[in-house]
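Source file: coords26.cif; contents: mmCIF, C-alpha atoms and all ligand atoms.
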data_input
#
loop_
_atom_site.label_atom_id
_atom_site.label_comp_id
_atom_site.auth_asym_id
_atom_site.auth_seq_id
_atom_site.Cartn_x
_atom_site.Cartn_y
_atom_site.Cartn_z
CA MET X 1 102.67 76.72 78.50
CA ASP X 2 105.22 76.55 75.70
CA THR X 3 107.30 79.21 74.05
CA GLN X 4 110.80 79.81 72.77
CA THR X 5 111.27 82.63 75.26
CA MET X 6 113.04 81.80 78.50
CA GLY X 7 112.60 83.52 81.83
CA GLU X 8 113.04 83.09 85.57
CA CYS X 9 110.32 81.33 87.54
CA LEU X 10 108.64 84.03 89.62
CA VAL X 11 108.68 81.71 92.62
CA CYS X 12 112.11 80.00 92.63
CA GLY X 13 114.13 81.81 89.96
CA THR X 14 114.85 78.71 87.83
CA GLU X 15 115.24 79.45 84.10
CA THR X 16 112.24 77.98 82.30
CA LYS X 17 110.20 78.14 79.12
CA ASN X 18 106.95 77.57 81.02
CA ARG X 19 104.79 80.61 81.44
CA CYS X 20 101.20 81.28 82.45
CA SER X 21 99.25 80.67 79.22
CA ALA X 22 96.34 82.96 80.11
CA CYS X 23 98.73 85.83 80.82
CA ALA X 24 100.67 85.08 77.61
CA LYS X 25 97.38 85.64 75.76
CA ALA X 26 97.20 89.01 77.50
CA GLY X 27 100.69 89.80 76.19
CA VAL X 28 102.70 89.45 79.39
CA ASP X 29 105.26 86.69 80.05
CA LEU X 30 105.00 85.38 83.61
CA PHE X 31 107.19 82.33 84.08
CA PHE X 32 106.50 79.46 86.48
CA CYS X 33 108.85 76.45 86.25
CA SER X 34 106.15 73.96 87.31
CA PRO X 35 102.43 73.67 88.09
CA GLU X 36 103.47 73.38 91.77
CA HIS X 37 105.09 76.79 91.73
CA GLN X 38 102.24 78.31 89.74
CA LYS X 39 99.94 76.95 92.46
CA LEU X 40 101.96 78.56 95.28
CA ALA X 41 101.23 81.97 93.77
CA TRP X 42 97.72 81.18 92.55
CA HIS X 43 95.58 82.55 95.39
CA MET X 44 96.96 86.00 94.51
CA HIS X 45 97.73 85.54 90.83
CA ARG X 46 94.18 84.42 89.98
CA MET X 47 93.00 88.00 90.70
CA PHE X 48 95.35 89.39 88.04
CA CYS X 49 95.50 86.49 85.56
CA GLY X 50 94.60 86.63 81.88
CA PRO X 51 93.20 89.12 79.36
CA GLY X 52 91.51 92.17 80.91
CA LYS X 53 93.34 91.77 84.23
CA ALA X 54 97.00 90.95 83.64
CA ASN X 55 98.20 93.57 81.15
CA PRO X 56 97.95 96.30 82.12
CA PHE X 57 97.75 95.08 85.70
CA ARG X 58 94.28 95.80 87.09
CA TRP X 59 93.45 96.09 90.76
CA PRO X 60 90.38 93.93 91.45
CA PRO X 61 87.07 95.73 92.03
CA LEU X 62 85.78 95.87 95.58
CA THR X 63 83.95 92.80 96.75
CA PRO X 64 80.39 93.55 97.94
CA LYS X 65 81.66 93.04 101.53
CA GLU X 66 84.45 95.56 101.07
CA ALA X 67 82.11 98.11 99.49
CA GLU X 68 79.59 97.63 102.29
CA ALA X 69 82.24 98.01 105.01
CA ALA X 70 83.66 101.09 103.27
CA THR X 71 80.30 102.85 103.16
CA ARG X 72 79.94 102.29 106.92
CA ILE X 73 83.24 104.04 107.78
CA LEU X 74 83.23 106.92 105.32
CA ASP X 75 82.98 109.50 108.09
CA LEU X 76 85.93 108.16 110.09
CA PRO X 77 89.24 110.04 109.83
CA ILE X 78 91.40 109.24 106.84
CA ASN X 79 94.90 107.83 107.14
CA THR X 80 97.22 110.84 106.95
CA VAL X 81 100.30 108.93 105.82
CA MET X 82 99.03 109.21 102.25
CA PRO X 83 99.39 112.86 101.28
CA HIS X 84 97.82 112.30 97.85
CA SER X 85 94.74 110.77 99.36
CA ALA X 86 92.74 113.72 100.73
CA THR X 87 91.18 114.87 97.45
CA LEU X 88 90.77 111.32 96.22
CA PHE X 89 89.06 110.47 99.49
CA GLN X 90 86.40 113.11 98.82
CA GLU X 91 85.89 111.58 95.40
CA LEU X 92 85.68 108.21 97.05
CA GLN X 93 83.00 109.37 99.50
CA ARG X 94 80.95 110.67 96.59
CA VAL X 95 81.31 107.46 94.56
CA LEU X 96 80.62 105.16 97.47
CA GLN X 97 77.58 107.11 98.64
CA GLU X 98 76.15 106.84 95.16
CA LEU X 99 76.87 103.15 95.16
CA SER X 100 75.75 102.36 98.68
CA GLN X 101 72.54 100.82 97.33
CA PRO X 102 72.92 97.02 97.65
CA SER X 103 71.77 96.55 94.06
CA HIS X 104 74.69 98.71 92.89
CA LEU X 105 77.29 96.92 94.97
CA GLN X 106 77.10 93.81 92.80
CA THR X 107 78.13 95.77 89.75
CA TYR X 108 80.80 97.93 91.30
CA PRO X 109 82.55 99.66 88.41
CA PRO X 110 85.67 97.74 87.38
CA ALA X 111 86.98 100.89 85.75
CA LEU X 112 87.39 102.59 89.14
CA HIS X 113 90.94 103.83 89.21
CA GLY X 114 93.63 101.83 91.02
CA ASN X 115 94.33 104.80 93.29
CA LEU X 116 90.74 104.92 94.51
CA LEU X 117 90.65 101.19 95.06
CA ARG X 118 93.81 101.36 97.14
CA ILE X 119 92.50 104.27 99.16
CA VAL X 120 89.32 102.34 99.98
CA ARG X 121 91.39 99.37 101.08
CA VAL X 122 93.92 101.39 103.08
CA HIS X 123 90.98 103.13 104.79
CA LEU X 124 89.43 99.74 105.60
CA SER X 125 92.76 98.47 106.86
CA ALA X 126 93.40 101.57 109.02
CA HIS X 127 90.06 101.01 110.75
CA SER X 128 90.46 97.22 110.93
CA GLN X 129 87.44 96.71 108.70
CA GLN X 130 89.12 94.64 105.99
CA PRO X 131 87.09 91.46 105.41
CA ALA X 132 89.28 88.46 106.28
CA THR X 133 88.87 87.06 102.79
CA THR X 134 90.84 89.96 101.36
CA GLU X 135 93.95 89.54 103.51
CA GLY X 136 96.34 89.18 100.56
CA ILE X 137 94.94 92.10 98.63
CA GLU X 138 95.22 94.25 101.77
CA PHE X 139 98.97 93.56 102.05
CA LEU X 140 99.45 94.12 98.31
CA THR X 141 97.59 97.42 98.61
CA LEU X 142 99.84 98.62 101.44
CA LEU X 143 102.92 97.61 99.40
CA GLY X 144 101.44 99.47 96.43
CA GLU X 145 101.01 102.64 98.48
CA ALA X 146 104.56 102.29 99.82
CA SER X 147 105.73 101.98 96.19
CA HIS X 148 104.31 105.46 95.37
CA LEU X 149 102.10 103.91 92.68
CA ASN X 150 99.82 106.94 92.81
CA GLU X 151 102.55 108.87 90.97
CA PHE X 152 102.86 106.37 88.14
CA GLU X 153 99.47 104.90 87.39
CA SER X 154 97.97 107.72 85.35
CA ASP X 155 100.84 107.31 82.87
CA PRO X 156 102.07 103.77 83.58
CA PRO X 157 105.70 103.08 82.65
CA PRO X 158 106.31 99.83 80.71
CA TRP X 159 107.85 98.02 83.68
CA LEU X 160 104.95 98.70 86.05
CA THR X 161 102.88 95.65 85.07
CA GLY X 162 105.83 93.27 85.54
CA TYR X 163 106.61 94.88 88.90
CA LEU X 164 103.05 94.50 90.20
CA HIS X 165 102.87 90.84 89.17
CA ARG X 166 106.15 90.17 90.99
CA LEU X 167 104.84 92.05 94.02
CA SER X 168 101.69 89.89 94.02
CA VAL X 169 103.81 86.71 93.94
CA PHE X 170 105.83 88.09 96.85
CA VAL X 171 102.57 88.59 98.78
CA ALA X 172 101.44 85.05 97.92
CA LEU X 173 104.71 83.59 99.20
CA SER X 174 104.56 85.58 102.43
CA LYS X 175 101.12 84.26 103.37
CA PRO X 176 101.47 82.44 106.70
CA ALA X 177 99.40 79.48 105.44
CA ASN X 178 101.96 79.04 102.67
CA ALA X 179 104.84 79.03 105.14
CA VAL X 180 106.08 75.46 104.78
CA HIS X 181 106.52 75.50 101.01
CA ALA X 182 106.83 79.17 100.23
CA MET X 183 109.04 80.67 102.92
CA LYS X 184 112.18 79.18 101.39
CA TYR X 185 111.52 81.13 98.20
CA LEU X 186 110.63 84.44 99.84
CA THR X 187 114.17 85.85 100.05
CA GLY X 188 114.87 84.97 96.42
CA ALA X 189 111.55 86.45 95.29
CA THR X 190 112.32 89.66 97.21
CA ASN X 191 115.76 89.90 95.61
CA ARG X 192 114.34 89.34 92.13
CA LEU X 193 111.78 92.07 92.76
CA PHE X 194 114.62 94.55 93.38
CA PHE X 195 116.78 93.19 90.51
CA TYR X 196 113.80 93.74 88.24
CA LEU X 197 113.51 97.37 89.37
CA GLU X 198 117.24 97.92 88.93
CA ASP X 199 117.26 96.37 85.45
CA PRO X 200 118.81 98.98 83.11
CA ALA X 201 116.31 97.87 80.45
CA ASN X 202 113.69 99.83 82.38
CA ALA X 203 112.78 103.01 80.57
CA ASN X 204 112.80 105.12 83.72
CA PRO X 205 115.43 104.04 86.27
CA ASP X 206 114.76 107.06 88.53
CA ALA X 207 111.09 106.14 88.91
CA ALA X 208 112.03 102.49 89.44
CA ARG X 209 114.47 103.52 92.16
CA LYS X 210 111.78 105.57 93.92
CA VAL X 211 109.45 102.56 93.88
CA GLY X 212 112.23 100.29 95.17
CA ASP X 213 113.25 102.68 97.97
CA GLY X 214 109.64 103.10 99.09
CA VAL X 215 108.85 99.42 99.25
CA ALA X 216 112.20 98.58 100.88
CA ALA X 217 111.57 101.13 103.65
CA PHE X 218 108.08 99.72 104.20
CA LEU X 219 109.35 96.14 104.40
CA ASP X 220 112.07 97.22 106.86
CA SER X 221 109.42 98.86 109.03
CA ILE X 222 107.22 95.76 109.28
CA VAL X 223 109.89 93.09 109.61
CA LYS X 224 110.78 93.59 113.23
CA LEU X 225 114.05 91.81 113.76
CA PRO X 226 114.87 90.89 117.36
CA ARG X 227 117.60 93.07 118.84
CA LEU X 228 120.94 91.45 119.25
CA VAL X 229 121.93 90.86 122.85
CA VAL X 230 125.61 91.34 123.55
CA VAL X 231 126.82 88.56 125.81
CA ARG X 232 129.72 89.62 128.03
ZN ZN X 301 109.89 77.53 90.23
ZN ZN X 302 98.25 84.27 84.66
#
Would you write the structure of this file as structure tokens?
Amino acid sequence: MDTQTMGECLVCGTETKNRCSACAKAGVDLFFCSPEHQKLAWHMHRMFCGPGKANPFRWPPLTPKEAEAATRILDLPINTVMPHSATLFQELQRVLQELSQPSHLQTYPPALHGNLLRIVRVHLSAHSQQPATTEGIEFLTLLGEASHLNEFESDPPPWLTGYLHRLSVFVALSKPANAVHAMKYLTGATNRLFFYLEDPANANPDAARKVGDGVAAFLDSIVKLPRLVVVR
């Protein structure tokens, strides 16, 4: 972890030269000021770390448990909040039925498109079939859907990889088990996510704004703030 480039720690925002060395090899600068802060994000970042995963950002293939659960609920109704999903869902049923042999599940194709992977996981989530071990990836998937990623992934804009890594760090910090150490950085990490999207260096500010608006609306809908009581 050594370079002349400086950047903000994805966890706390401190300016640092330290970046993830595996991701640097993949051609993407992801800064962490210290091993401690790298560790806070690790349970998510490890899924997207290094060559072949980090740049471009790759959604992890289904675990055998996820693929198994998905094949069991293929006939259940699909979540209608994803208008793009109906045709992809048919494709998904075809792919999963072909791959429902246990011997195939181990070698689930890593090239399966991010959209399909998210649709599988949203479908699992909608029917409460998500294996507990994939809790973080489930939340990241829902944030990805809220970000309208389906409109961008076939022709990914240059900022998309950086956005998805920041989103995965946000998910890592919001994990309840991380609460003691991570919660204090969550607000800052959220703000930096939106600053990143608003950065005029982005090639397509309109697309970035659409992503930002989508994810902001989703976060508003799940963070249920207690109503203020007016004391007379
Ligand atoms: Zn830090
Ligand atoms: Zn990395």
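For ligand ZN 301 (chain X), the neighbouring polymer residues at 10 Å or closer are Glu8, Cys9, Leu10, Val11, Cys12, Gly13, Thr14, Glu15, Thr16, Asn18, Phe31, Phe32, Cys33, Ser34, Pro35, Glu36, His37, Gln38, Leu40 and Tyr185 of chain X, all atoms listed in the file being used.
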### Task
Tell me, as a list in words, which residues lie within 7 Å of Ser168 of chain X, counting only C-alpha atoms; anything in the same chain fewer than 3 positions away does not count.
Met44, His45, Leu140, Leu164, His165, Val171 and Ala172 of chain X
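Picture a line from atom CA of Leu193 of chain X to atom CA of Gly144 of chain X; it runs 13.2 Å.
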## Note on the structure
What separates atom CA of Phe194 of chain X and atom CA of Asp206 of chain X is a distance of 13.4 Å
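For ligand ZN 302 (chain X), the protein and nucleic acid residues at most 9 Å away, judged by all atoms listed in the file, amount to X:Arg19, X:Cys20, X:Ser21, X:Ala22, X:Cys23, X:Ala24, X:Ala26, X:Val28, X:Asp29, X:Leu30, X:Gln38, X:Trp42, X:His45, X:Arg46, X:Met47, X:Phe48, X:Cys49, X:Gly50, X:Pro51, X:Lys53, X:Ala54.
Across X:Gly212, X:Pro205, X:Gly52, X:Pro158, the tightest approach to Arg192 of chain X is made by X:Gly212 when counting all atoms listed in the file.
A straight line drawn from atom CA of Asn202 of chain X to atom CA of Arg166 of chain X is 15.0 Å long.
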